[in-house]
$ cat data_25.txt   # compact mmCIF, N, CA and C atoms
# COMPACT_ATOMS: atom_id res chain seq x y z
N GLN A 1 -4.83 22.48 -26.90
CA GLN A 1 -5.00 23.44 -25.83
C GLN A 1 -6.40 23.31 -25.22
N VAL A 2 -6.46 23.48 -23.93
CA VAL A 2 -7.72 23.48 -23.20
C VAL A 2 -7.78 24.77 -22.38
N ARG A 3 -8.86 25.50 -22.54
CA ARG A 3 -9.03 26.74 -21.78
C ARG A 3 -10.08 26.48 -20.69
N LEU A 4 -9.77 26.93 -19.49
CA LEU A 4 -10.66 26.73 -18.35
C LEU A 4 -11.04 28.07 -17.74
N VAL A 5 -12.31 28.25 -17.47
CA VAL A 5 -12.80 29.48 -16.86
C VAL A 5 -13.70 29.12 -15.69
N GLU A 6 -13.27 29.55 -14.49
CA GLU A 6 -14.06 29.28 -13.29
C GLU A 6 -15.02 30.42 -13.01
N SER A 7 -16.09 30.09 -12.32
CA SER A 7 -17.04 31.10 -11.86
C SER A 7 -17.82 30.51 -10.68
N GLY A 8 -18.61 31.35 -10.04
CA GLY A 8 -19.46 30.86 -8.96
C GLY A 8 -18.97 31.19 -7.56
N GLY A 9 -17.77 31.75 -7.47
CA GLY A 9 -17.27 32.11 -6.15
C GLY A 9 -18.02 33.30 -5.57
N GLY A 10 -17.76 33.58 -4.30
CA GLY A 10 -18.41 34.71 -3.66
C GLY A 10 -18.24 34.67 -2.17
N LEU A 11 -19.04 35.49 -1.50
CA LEU A 11 -19.01 35.58 -0.04
C LEU A 11 -20.23 34.86 0.51
N VAL A 12 -20.01 34.00 1.49
CA VAL A 12 -21.10 33.24 2.09
C VAL A 12 -20.83 33.08 3.57
N GLN A 13 -21.88 32.97 4.34
CA GLN A 13 -21.72 32.75 5.78
C GLN A 13 -21.40 31.28 6.06
N ALA A 14 -20.76 31.05 7.18
CA ALA A 14 -20.45 29.69 7.59
C ALA A 14 -21.74 28.87 7.64
N GLY A 15 -21.65 27.64 7.13
CA GLY A 15 -22.81 26.77 7.05
C GLY A 15 -23.54 26.87 5.73
N GLY A 16 -23.21 27.86 4.94
CA GLY A 16 -23.87 28.06 3.66
C GLY A 16 -23.28 27.20 2.56
N SER A 17 -23.78 27.44 1.34
CA SER A 17 -23.37 26.64 0.19
C SER A 17 -23.00 27.54 -0.99
N LEU A 18 -22.13 27.02 -1.82
CA LEU A 18 -21.79 27.65 -3.09
C LEU A 18 -21.58 26.54 -4.10
N ARG A 19 -21.81 26.88 -5.36
CA ARG A 19 -21.52 25.94 -6.44
C ARG A 19 -20.57 26.61 -7.41
N LEU A 20 -19.41 26.01 -7.58
CA LEU A 20 -18.41 26.52 -8.51
C LEU A 20 -18.58 25.84 -9.86
N PHE A 21 -18.28 26.61 -10.90
CA PHE A 21 -18.37 26.12 -12.27
C PHE A 21 -17.00 26.24 -12.93
N CYS A 22 -16.68 25.29 -13.76
CA CYS A 22 -15.47 25.35 -14.57
C CYS A 22 -15.85 24.99 -16.00
N ALA A 23 -15.87 26.00 -16.85
CA ALA A 23 -16.22 25.79 -18.25
C ALA A 23 -14.96 25.54 -19.05
N ALA A 24 -14.93 24.42 -19.77
CA ALA A 24 -13.77 24.05 -20.57
C ALA A 24 -14.06 24.27 -22.05
N SER A 25 -13.06 24.72 -22.78
CA SER A 25 -13.17 24.88 -24.22
C SER A 25 -11.87 24.46 -24.87
N GLY A 26 -11.92 24.21 -26.16
CA GLY A 26 -10.74 23.74 -26.86
C GLY A 26 -10.77 22.24 -27.01
N ARG A 27 -9.64 21.59 -26.81
CA ARG A 27 -9.52 20.14 -27.01
C ARG A 27 -10.04 19.38 -25.79
N THR A 28 -11.30 19.61 -25.47
CA THR A 28 -11.86 19.02 -24.26
C THR A 28 -12.00 17.50 -24.36
N PHE A 29 -12.05 16.96 -25.58
CA PHE A 29 -12.20 15.51 -25.72
C PHE A 29 -10.97 14.79 -25.23
N SER A 30 -9.86 15.52 -25.11
CA SER A 30 -8.62 14.89 -24.67
C SER A 30 -8.45 14.92 -23.16
N THR A 31 -9.43 15.46 -22.46
CA THR A 31 -9.31 15.58 -21.01
C THR A 31 -9.49 14.23 -20.33
N TYR A 32 -8.53 13.84 -19.52
CA TYR A 32 -8.61 12.57 -18.80
C TYR A 32 -9.12 12.75 -17.38
N ALA A 33 -8.66 13.84 -16.75
CA ALA A 33 -9.08 14.10 -15.37
C ALA A 33 -9.29 15.59 -15.18
N MET A 34 -10.21 15.91 -14.29
CA MET A 34 -10.45 17.29 -13.91
C MET A 34 -10.33 17.40 -12.40
N GLY A 35 -9.71 18.48 -11.97
CA GLY A 35 -9.51 18.64 -10.54
C GLY A 35 -9.82 20.05 -10.06
N TRP A 36 -10.06 20.15 -8.77
CA TRP A 36 -10.20 21.44 -8.10
C TRP A 36 -9.11 21.53 -7.03
N PHE A 37 -8.46 22.67 -7.02
CA PHE A 37 -7.45 22.97 -6.01
C PHE A 37 -7.82 24.30 -5.38
N ARG A 38 -7.21 24.63 -4.25
CA ARG A 38 -7.44 25.92 -3.63
C ARG A 38 -6.16 26.43 -2.98
N GLN A 39 -6.10 27.74 -2.85
CA GLN A 39 -4.95 28.36 -2.20
C GLN A 39 -5.42 29.51 -1.33
N ALA A 40 -5.16 29.38 -0.04
CA ALA A 40 -5.50 30.42 0.91
C ALA A 40 -4.32 31.37 1.05
N PRO A 41 -4.55 32.60 1.50
CA PRO A 41 -3.45 33.55 1.65
C PRO A 41 -2.36 33.00 2.57
N GLY A 42 -1.13 33.08 2.09
CA GLY A 42 0.00 32.64 2.89
C GLY A 42 0.18 31.14 2.97
N LYS A 43 -0.64 30.39 2.24
CA LYS A 43 -0.54 28.93 2.27
C LYS A 43 -0.26 28.39 0.88
N GLU A 44 0.20 27.15 0.86
CA GLU A 44 0.45 26.50 -0.42
C GLU A 44 -0.87 26.03 -1.03
N ARG A 45 -0.83 25.88 -2.34
CA ARG A 45 -1.99 25.34 -3.04
C ARG A 45 -2.23 23.91 -2.57
N GLU A 46 -3.50 23.56 -2.38
CA GLU A 46 -3.81 22.21 -1.95
C GLU A 46 -4.92 21.60 -2.80
N PHE A 47 -4.88 20.29 -2.89
CA PHE A 47 -5.87 19.52 -3.63
C PHE A 47 -7.20 19.55 -2.88
N VAL A 48 -8.29 19.64 -3.65
CA VAL A 48 -9.62 19.61 -3.06
C VAL A 48 -10.40 18.38 -3.54
N ALA A 49 -10.51 18.22 -4.86
CA ALA A 49 -11.30 17.12 -5.40
C ALA A 49 -10.90 16.88 -6.84
N ALA A 50 -11.17 15.66 -7.34
CA ALA A 50 -10.88 15.33 -8.72
C ALA A 50 -11.82 14.27 -9.23
N SER A 51 -12.02 14.31 -10.54
CA SER A 51 -12.79 13.30 -11.24
C SER A 51 -11.89 12.74 -12.33
N ARG A 52 -11.74 11.40 -12.36
CA ARG A 52 -10.73 10.80 -13.23
C ARG A 52 -11.29 9.68 -14.07
N GLY A 53 -10.90 9.64 -15.34
CA GLY A 53 -11.21 8.50 -16.18
C GLY A 53 -12.61 8.50 -16.76
N SER A 54 -12.84 7.48 -17.60
CA SER A 54 -14.12 7.39 -18.31
C SER A 54 -15.28 7.09 -17.36
N ILE A 55 -14.99 6.44 -16.23
CA ILE A 55 -16.07 6.15 -15.28
C ILE A 55 -16.16 7.24 -14.23
N GLU A 56 -15.33 8.27 -14.37
CA GLU A 56 -15.38 9.45 -13.51
C GLU A 56 -15.30 9.09 -12.03
N SER A 57 -14.28 8.35 -11.70
CA SER A 57 -14.01 8.09 -10.29
C SER A 57 -13.74 9.41 -9.59
N ARG A 58 -14.19 9.54 -8.38
CA ARG A 58 -14.08 10.80 -7.66
C ARG A 58 -13.21 10.64 -6.43
N TYR A 59 -12.45 11.70 -6.16
CA TYR A 59 -11.52 11.70 -5.04
C TYR A 59 -11.63 13.02 -4.32
N TYR A 60 -11.47 13.00 -3.00
CA TYR A 60 -11.62 14.21 -2.19
C TYR A 60 -10.53 14.30 -1.14
N GLU A 61 -10.18 15.53 -0.85
CA GLU A 61 -9.31 15.79 0.30
C GLU A 61 -10.12 15.52 1.56
N ASP A 62 -9.47 15.01 2.59
CA ASP A 62 -10.20 14.54 3.77
C ASP A 62 -11.09 15.61 4.39
N SER A 63 -10.64 16.85 4.44
CA SER A 63 -11.40 17.88 5.14
C SER A 63 -12.68 18.28 4.42
N VAL A 64 -12.84 17.90 3.16
CA VAL A 64 -14.04 18.28 2.42
C VAL A 64 -14.96 17.08 2.15
N LYS A 65 -14.52 15.89 2.50
CA LYS A 65 -15.36 14.71 2.28
C LYS A 65 -16.68 14.85 3.01
N GLY A 66 -17.75 14.53 2.30
CA GLY A 66 -19.09 14.64 2.89
C GLY A 66 -19.68 16.02 2.77
N ARG A 67 -18.86 17.01 2.41
CA ARG A 67 -19.37 18.38 2.26
C ARG A 67 -19.31 18.86 0.81
N PHE A 68 -18.28 18.46 0.08
CA PHE A 68 -18.09 18.89 -1.31
C PHE A 68 -18.37 17.72 -2.26
N THR A 69 -18.87 18.07 -3.44
CA THR A 69 -19.12 17.06 -4.47
C THR A 69 -18.64 17.59 -5.82
N ILE A 70 -17.80 16.82 -6.49
CA ILE A 70 -17.36 17.16 -7.83
C ILE A 70 -18.20 16.38 -8.83
N SER A 71 -18.58 17.06 -9.90
CA SER A 71 -19.34 16.38 -10.95
C SER A 71 -18.99 16.98 -12.30
N ARG A 72 -19.25 16.24 -13.35
CA ARG A 72 -18.93 16.68 -14.70
C ARG A 72 -20.15 16.52 -15.60
N ASP A 73 -20.35 17.49 -16.46
CA ASP A 73 -21.37 17.42 -17.50
C ASP A 73 -20.63 17.48 -18.83
N SER A 74 -20.40 16.30 -19.41
CA SER A 74 -19.60 16.25 -20.63
C SER A 74 -20.26 16.98 -21.78
N ALA A 75 -21.58 16.95 -21.83
CA ALA A 75 -22.28 17.62 -22.93
C ALA A 75 -22.05 19.13 -22.89
N LYS A 76 -21.89 19.67 -21.70
CA LYS A 76 -21.66 21.11 -21.55
C LYS A 76 -20.19 21.44 -21.33
N ASN A 77 -19.34 20.42 -21.31
CA ASN A 77 -17.91 20.64 -21.04
C ASN A 77 -17.71 21.47 -19.77
N THR A 78 -18.43 21.11 -18.75
CA THR A 78 -18.40 21.86 -17.50
C THR A 78 -18.17 20.91 -16.33
N VAL A 79 -17.37 21.37 -15.40
CA VAL A 79 -17.13 20.65 -14.16
C VAL A 79 -17.66 21.51 -13.02
N TYR A 80 -18.29 20.87 -12.06
CA TYR A 80 -18.88 21.59 -10.95
C TYR A 80 -18.22 21.17 -9.63
N LEU A 81 -18.26 22.08 -8.68
CA LEU A 81 -17.88 21.74 -7.32
C LEU A 81 -18.97 22.29 -6.41
N GLN A 82 -19.82 21.39 -5.94
CA GLN A 82 -20.86 21.78 -5.00
C GLN A 82 -20.26 21.76 -3.61
N MET A 83 -20.35 22.91 -2.93
CA MET A 83 -19.75 23.04 -1.61
C MET A 83 -20.84 23.36 -0.59
N ASN A 84 -21.04 22.45 0.34
CA ASN A 84 -22.03 22.62 1.38
C ASN A 84 -21.36 22.71 2.74
N SER A 85 -22.12 23.18 3.73
CA SER A 85 -21.61 23.29 5.10
C SER A 85 -20.25 23.98 5.12
N LEU A 86 -20.16 25.09 4.44
CA LEU A 86 -18.88 25.79 4.31
C LEU A 86 -18.40 26.30 5.66
N LYS A 87 -17.08 26.30 5.80
CA LYS A 87 -16.42 26.74 7.02
C LYS A 87 -15.47 27.89 6.69
N PRO A 88 -15.16 28.74 7.66
CA PRO A 88 -14.21 29.83 7.38
C PRO A 88 -12.88 29.32 6.82
N GLU A 89 -12.46 28.15 7.23
CA GLU A 89 -11.20 27.61 6.73
C GLU A 89 -11.27 27.15 5.27
N ASP A 90 -12.45 27.19 4.68
CA ASP A 90 -12.58 26.91 3.25
C ASP A 90 -12.28 28.14 2.40
N THR A 91 -12.09 29.28 3.05
CA THR A 91 -11.79 30.52 2.33
C THR A 91 -10.49 30.38 1.55
N ALA A 92 -10.56 30.65 0.26
CA ALA A 92 -9.39 30.50 -0.61
C ALA A 92 -9.78 30.89 -2.04
N VAL A 93 -8.77 30.98 -2.88
CA VAL A 93 -9.01 31.05 -4.33
C VAL A 93 -9.06 29.61 -4.83
N TYR A 94 -10.12 29.29 -5.52
CA TYR A 94 -10.32 27.93 -6.03
C TYR A 94 -9.99 27.88 -7.52
N TYR A 95 -9.18 26.88 -7.88
CA TYR A 95 -8.73 26.72 -9.25
C TYR A 95 -9.21 25.40 -9.83
N CYS A 96 -9.59 25.46 -11.08
CA CYS A 96 -9.94 24.27 -11.84
C CYS A 96 -8.71 23.86 -12.65
N ALA A 97 -8.51 22.56 -12.78
CA ALA A 97 -7.37 22.06 -13.54
C ALA A 97 -7.77 20.87 -14.38
N ALA A 98 -7.08 20.71 -15.51
CA ALA A 98 -7.38 19.61 -16.43
C ALA A 98 -6.11 18.86 -16.78
N ALA A 99 -6.23 17.56 -16.85
CA ALA A 99 -5.11 16.71 -17.26
C ALA A 99 -5.49 15.99 -18.54
N THR A 100 -4.61 16.03 -19.52
CA THR A 100 -4.90 15.37 -20.79
C THR A 100 -4.18 14.04 -20.91
N ARG A 101 -3.42 13.67 -19.90
CA ARG A 101 -2.71 12.39 -19.90
C ARG A 101 -3.22 11.55 -18.73
N TYR A 102 -2.92 10.26 -18.80
CA TYR A 102 -3.27 9.37 -17.70
C TYR A 102 -2.58 9.84 -16.42
N ILE A 103 -3.33 9.85 -15.34
CA ILE A 103 -2.77 10.18 -14.02
C ILE A 103 -3.02 9.01 -13.09
N ASP A 104 -1.95 8.50 -12.52
CA ASP A 104 -2.12 7.45 -11.51
C ASP A 104 -2.78 8.06 -10.28
N VAL A 105 -3.61 7.27 -9.62
CA VAL A 105 -4.34 7.79 -8.47
C VAL A 105 -3.38 8.28 -7.38
N ARG A 106 -2.19 7.73 -7.34
CA ARG A 106 -1.24 8.12 -6.30
C ARG A 106 -0.72 9.54 -6.47
N VAL A 107 -0.82 10.09 -7.68
CA VAL A 107 -0.36 11.47 -7.89
C VAL A 107 -1.49 12.37 -8.33
N LEU A 108 -2.72 11.93 -8.12
CA LEU A 108 -3.88 12.72 -8.53
C LEU A 108 -3.96 14.03 -7.76
N THR A 109 -3.41 14.04 -6.56
CA THR A 109 -3.49 15.24 -5.72
C THR A 109 -2.36 16.22 -6.00
N HIS A 110 -1.47 15.87 -6.90
CA HIS A 110 -0.31 16.72 -7.19
C HIS A 110 -0.66 17.71 -8.29
N GLY A 111 -0.43 18.97 -8.04
CA GLY A 111 -0.74 19.99 -9.03
C GLY A 111 0.01 19.81 -10.33
N ASN A 112 1.24 19.34 -10.26
CA ASN A 112 2.02 19.21 -11.49
C ASN A 112 1.62 18.01 -12.35
N SER A 113 0.57 17.28 -11.90
CA SER A 113 0.02 16.22 -12.74
C SER A 113 -0.96 16.77 -13.78
N TYR A 114 -1.33 18.02 -13.63
CA TYR A 114 -2.33 18.64 -14.49
C TYR A 114 -1.66 19.57 -15.50
N ASP A 115 -2.27 19.65 -16.69
CA ASP A 115 -1.67 20.40 -17.80
C ASP A 115 -2.22 21.81 -17.94
N TYR A 116 -3.47 22.01 -17.59
CA TYR A 116 -4.10 23.32 -17.80
C TYR A 116 -4.80 23.79 -16.52
N TRP A 117 -4.80 25.11 -16.35
CA TRP A 117 -5.37 25.71 -15.15
C TRP A 117 -6.23 26.91 -15.52
N GLY A 118 -7.27 27.13 -14.71
CA GLY A 118 -8.05 28.33 -14.86
C GLY A 118 -7.45 29.48 -14.06
N GLN A 119 -8.12 30.61 -14.10
CA GLN A 119 -7.60 31.81 -13.45
C GLN A 119 -7.97 31.89 -11.98
N GLY A 120 -8.92 31.07 -11.55
CA GLY A 120 -9.31 31.03 -10.15
C GLY A 120 -10.54 31.86 -9.85
N THR A 121 -11.25 31.46 -8.81
CA THR A 121 -12.41 32.20 -8.33
C THR A 121 -12.35 32.25 -6.81
N GLN A 122 -12.60 33.43 -6.25
CA GLN A 122 -12.46 33.64 -4.81
C GLN A 122 -13.69 33.13 -4.07
N VAL A 123 -13.44 32.36 -3.02
CA VAL A 123 -14.50 31.92 -2.11
C VAL A 123 -14.14 32.44 -0.72
N THR A 124 -15.06 33.18 -0.13
CA THR A 124 -14.84 33.72 1.20
C THR A 124 -16.00 33.29 2.10
N VAL A 125 -15.65 32.65 3.20
CA VAL A 125 -16.65 32.16 4.15
C VAL A 125 -16.50 32.95 5.45
N SER A 126 -17.52 33.68 5.83
CA SER A 126 -17.47 34.48 7.04
C SER A 126 -18.01 33.69 8.22
N SER A 127 -17.45 33.98 9.39
CA SER A 127 -17.86 33.25 10.60
C SER A 127 -19.03 33.92 11.28
$ encode --input "data_25.txt" --output "structure tokens"
Amino acid sequence: QVRLVESGGGLVQAGGSLRLFCAASGRTFSTYAMGWFRQAPGKEREFVAASRGSIESRYYEDSVKGRFTISRDSAKNTVYLQMNSLKPEDTAVYYCAAATRYIDVRVLTHGNSYDYWGQGTQVTVSS
């Protein structure tokens, strides 16, 4: 079992920055990939970013490329999502997810590729 707890969300003005944290506990050594997803009101959950494999290859959804950065601190069992130049359309509940099995890059953006999820943290960007 892997337990994930997100934090760092909040209210920020457009153009501002936030850093999200995802603290993992339990069988963290079995984690193969970590991802961030988000869900806005009335919309489906969507992929934001992921870090995969021992070399921590990083992947991003097109709308956040150049603005968001995913990183992992294995010693602290924590995954971060640095979000810069935030836009109102980034407003959503952000979820951290962990996969304990190999994930092909072609399905890295699929939520059902991940085994564990956090409870989410709200990010609100005002215009």
$ closest_atom_pairs --input "data_25.txt" --of "segment 14-84 of chain A" --to "segment 96-109 of chain A" --cutoff "9 Å" --atoms "only C-alpha atoms" --output "Markdown table"
| residue | atom | partner | partner_atom | distance |
| --- | --- | --- | --- | --- |
| A:Phe21 | CA | A:Cys96 | CA | 8.6 |
| A:Cys22 | CA | A:Cys96 | CA | 6.3 |
| A:Ala24 | CA | A:Ala98 | CA | 8.8 |
| A:Thr28 | CA | A:Thr100 | CA | 8.6 |
| A:Phe29 | CA | A:Thr100 | CA | 8.8 |
| A:Ser30 | CA | A:Thr100 | CA | 5.4 |
| A:Thr31 | CA | A:Thr100 | CA | 4.4 |
| A:Tyr32 | CA | A:Thr100 | CA | 5.1 |
| A:Ala33 | CA | A:Ala99 | CA | 5.1 |
| A:Met34 | CA | A:Ala98 | CA | 4.6 |
| A:Gly35 | CA | A:Ala97 | CA | 5.0 |
| A:Trp36 | CA | A:Cys96 | CA | 4.7 |
| A:Phe37 | CA | A:Cys96 | CA | 6.5 |
| A:Arg38 | CA | A:Cys96 | CA | 8.7 |
| A:Glu46 | CA | A:Thr109 | CA | 7.9 |
| A:Phe47 | CA | A:Thr109 | CA | 5.3 |
| A:Val48 | CA | A:Thr109 | CA | 8.0 |
| A:Ala49 | CA | A:Thr109 | CA | 8.0 |
| A:Ala50 | CA | A:Leu108 | CA | 7.5 |
| A:Arg52 | CA | A:Ile103 | CA | 8.0 |
| A:Gly53 | CA | A:Tyr102 | CA | 8.1 |
| A:Tyr59 | CA | A:Leu108 | CA | 8.5 |
| A:Tyr60 | CA | A:Thr109 | CA | 8.9 |
| A:Glu61 | CA | A:Thr109 | CA | 8.4 |
| A:Val79 | CA | A:Cys96 | CA | 8.4 |
$ closest_residue --input "data_25.txt" --among "A:Glu6, A:Gly111, A:Arg58, A:Asp90" --to "Thr124 of chain A" --atoms "only N, CA and C atoms"
A:Asp90
$ axis_aligned_box --input "data_25.txt" --around "segment 9-14 of chain A" --padding-each-side "5 Å" --output "JSON"
{"center_x": -19.6, "center_y": 32.2, "center_z": 0.1, "size_x": 14.6, "size_y": 16.7, "size_z": 25.1}
$ atom_distance --input "data_25.txt" --atom1 "atom CA of Met83 of chain A" --atom2 "atom CA of Arg27 of chain A"
27.5 Å
$ residues_around --input "data_25.txt" --residues "Leu11 of chain A" --least-positions-apart "5" --cutoff "12 Å" --atoms "only C-alpha atoms" --output "PyMOL selection string"
chain A and resi 16-19+86-88+90-93+121-127
$ closest_residue --input "data_25.txt" --among "A:Gln1, A:Ser25, A:Ser57, A:Ser63" --to "Lys76 of chain A" --atoms "all atoms listed in the file"
A:Ser25
$ atom_distance --input "data_25.txt" --atom1 "atom CA of Pro41 of chain A" --atom2 "atom CA of Gly120 of chain A"
13.4 Å
$ atom_distance --input "data_25.txt" --atom1 "atom N of Tyr94 of chain A" --atom2 "atom CA of Ala75 of chain A"
24.2 Å
$ select_by_dssp --input "data_25.txt" --residues "segment 8-105 of chain A" --states "strand (DSSP E)" --output "short mmCIF file (atom, residue, chain, number, x, y, z; two decimals) with N, CA and C atoms, in the frame of the given file"
data_model
loop_
_atom_site.label_atom_id
_atom_site.label_comp_id
_atom_site.auth_asym_id
_atom_site.auth_seq_id
_atom_site.Cartn_x
_atom_site.Cartn_y
_atom_site.Cartn_z
N GLY A 10 -17.76 33.58 -4.30
CA GLY A 10 -18.41 34.71 -3.66
C GLY A 10 -18.24 34.67 -2.17
N LEU A 11 -19.04 35.49 -1.50
CA LEU A 11 -19.01 35.58 -0.04
C LEU A 11 -20.23 34.86 0.51
N VAL A 12 -20.01 34.00 1.49
CA VAL A 12 -21.10 33.24 2.09
C VAL A 12 -20.83 33.08 3.57
N GLN A 13 -21.88 32.97 4.34
CA GLN A 13 -21.72 32.75 5.78
C GLN A 13 -21.40 31.28 6.06
N LEU A 18 -22.13 27.02 -1.82
CA LEU A 18 -21.79 27.65 -3.09
C LEU A 18 -21.58 26.54 -4.10
N ARG A 19 -21.81 26.88 -5.36
CA ARG A 19 -21.52 25.94 -6.44
C ARG A 19 -20.57 26.61 -7.41
N LEU A 20 -19.41 26.01 -7.58
CA LEU A 20 -18.41 26.52 -8.51
C LEU A 20 -18.58 25.84 -9.86
N PHE A 21 -18.28 26.61 -10.90
CA PHE A 21 -18.37 26.12 -12.27
C PHE A 21 -17.00 26.24 -12.93
N CYS A 22 -16.68 25.29 -13.76
CA CYS A 22 -15.47 25.35 -14.57
C CYS A 22 -15.85 24.99 -16.00
N ALA A 23 -15.87 26.00 -16.85
CA ALA A 23 -16.22 25.79 -18.25
C ALA A 23 -14.96 25.54 -19.05
N ALA A 24 -14.93 24.42 -19.77
CA ALA A 24 -13.77 24.05 -20.57
C ALA A 24 -14.06 24.27 -22.05
N SER A 25 -13.06 24.72 -22.78
CA SER A 25 -13.17 24.88 -24.22
C SER A 25 -11.87 24.46 -24.87
N GLY A 26 -11.92 24.21 -26.16
CA GLY A 26 -10.74 23.74 -26.86
C GLY A 26 -10.77 22.24 -27.01
N ALA A 33 -8.66 13.84 -16.75
CA ALA A 33 -9.08 14.10 -15.37
C ALA A 33 -9.29 15.59 -15.18
N MET A 34 -10.21 15.91 -14.29
CA MET A 34 -10.45 17.29 -13.91
C MET A 34 -10.33 17.40 -12.40
N GLY A 35 -9.71 18.48 -11.97
CA GLY A 35 -9.51 18.64 -10.54
C GLY A 35 -9.82 20.05 -10.06
N TRP A 36 -10.06 20.15 -8.77
CA TRP A 36 -10.20 21.44 -8.10
C TRP A 36 -9.11 21.53 -7.03
N PHE A 37 -8.46 22.67 -7.02
CA PHE A 37 -7.45 22.97 -6.01
C PHE A 37 -7.82 24.30 -5.38
N ARG A 38 -7.21 24.63 -4.25
CA ARG A 38 -7.44 25.92 -3.63
C ARG A 38 -6.16 26.43 -2.98
N GLN A 39 -6.10 27.74 -2.85
CA GLN A 39 -4.95 28.36 -2.20
C GLN A 39 -5.42 29.51 -1.33
N GLU A 46 -3.50 23.56 -2.38
CA GLU A 46 -3.81 22.21 -1.95
C GLU A 46 -4.92 21.60 -2.80
N PHE A 47 -4.88 20.29 -2.89
CA PHE A 47 -5.87 19.52 -3.63
C PHE A 47 -7.20 19.55 -2.88
N VAL A 48 -8.29 19.64 -3.65
CA VAL A 48 -9.62 19.61 -3.06
C VAL A 48 -10.40 18.38 -3.54
N ALA A 49 -10.51 18.22 -4.86
CA ALA A 49 -11.30 17.12 -5.40
C ALA A 49 -10.90 16.88 -6.84
N ALA A 50 -11.17 15.66 -7.34
CA ALA A 50 -10.88 15.33 -8.72
C ALA A 50 -11.82 14.27 -9.23
N SER A 51 -12.02 14.31 -10.54
CA SER A 51 -12.79 13.30 -11.24
C SER A 51 -11.89 12.74 -12.33
N ARG A 52 -11.74 11.40 -12.36
CA ARG A 52 -10.73 10.80 -13.23
C ARG A 52 -11.29 9.68 -14.07
N SER A 57 -14.28 8.35 -11.70
CA SER A 57 -14.01 8.09 -10.29
C SER A 57 -13.74 9.41 -9.59
N ARG A 58 -14.19 9.54 -8.38
CA ARG A 58 -14.08 10.80 -7.66
C ARG A 58 -13.21 10.64 -6.43
N TYR A 59 -12.45 11.70 -6.16
CA TYR A 59 -11.52 11.70 -5.04
C TYR A 59 -11.63 13.02 -4.32
N TYR A 60 -11.47 13.00 -3.00
CA TYR A 60 -11.62 14.21 -2.19
C TYR A 60 -10.53 14.30 -1.14
N PHE A 68 -18.28 18.46 0.08
CA PHE A 68 -18.09 18.89 -1.31
C PHE A 68 -18.37 17.72 -2.26
N THR A 69 -18.87 18.07 -3.44
CA THR A 69 -19.12 17.06 -4.47
C THR A 69 -18.64 17.59 -5.82
N ILE A 70 -17.80 16.82 -6.49
CA ILE A 70 -17.36 17.16 -7.83
C ILE A 70 -18.20 16.38 -8.83
N SER A 71 -18.58 17.06 -9.90
CA SER A 71 -19.34 16.38 -10.95
C SER A 71 -18.99 16.98 -12.30
N ARG A 72 -19.25 16.24 -13.35
CA ARG A 72 -18.93 16.68 -14.70
C ARG A 72 -20.15 16.52 -15.60
N ASP A 73 -20.35 17.49 -16.46
CA ASP A 73 -21.37 17.42 -17.50
C ASP A 73 -20.63 17.48 -18.83
N THR A 78 -18.43 21.11 -18.75
CA THR A 78 -18.40 21.86 -17.50
C THR A 78 -18.17 20.91 -16.33
N VAL A 79 -17.37 21.37 -15.40
CA VAL A 79 -17.13 20.65 -14.16
C VAL A 79 -17.66 21.51 -13.02
N TYR A 80 -18.29 20.87 -12.06
CA TYR A 80 -18.88 21.59 -10.95
C TYR A 80 -18.22 21.17 -9.63
N LEU A 81 -18.26 22.08 -8.68
CA LEU A 81 -17.88 21.74 -7.32
C LEU A 81 -18.97 22.29 -6.41
N GLN A 82 -19.82 21.39 -5.94
CA GLN A 82 -20.86 21.78 -5.00
C GLN A 82 -20.26 21.76 -3.61
N MET A 83 -20.35 22.91 -2.93
CA MET A 83 -19.75 23.04 -1.61
C MET A 83 -20.84 23.36 -0.59
N ALA A 92 -10.56 30.65 0.26
CA ALA A 92 -9.39 30.50 -0.61
C ALA A 92 -9.78 30.89 -2.04
N VAL A 93 -8.77 30.98 -2.88
CA VAL A 93 -9.01 31.05 -4.33
C VAL A 93 -9.06 29.61 -4.83
N TYR A 94 -10.12 29.29 -5.52
CA TYR A 94 -10.32 27.93 -6.03
C TYR A 94 -9.99 27.88 -7.52
N TYR A 95 -9.18 26.88 -7.88
CA TYR A 95 -8.73 26.72 -9.25
C TYR A 95 -9.21 25.40 -9.83
N CYS A 96 -9.59 25.46 -11.08
CA CYS A 96 -9.94 24.27 -11.84
C CYS A 96 -8.71 23.86 -12.65
N ALA A 97 -8.51 22.56 -12.78
CA ALA A 97 -7.37 22.06 -13.54
C ALA A 97 -7.77 20.87 -14.38
N ALA A 98 -7.08 20.71 -15.51
CA ALA A 98 -7.38 19.61 -16.43
C ALA A 98 -6.11 18.86 -16.78
N ALA A 99 -6.23 17.56 -16.85
CA ALA A 99 -5.11 16.71 -17.26
C ALA A 99 -5.49 15.99 -18.54
#
$ closest_residue --input "data_25.txt" --among "A:Val2, A:Tyr95, A:Arg45, A:Gly8" --to "His110 of chain A" --atoms "only C-alpha atoms"
A:Arg45
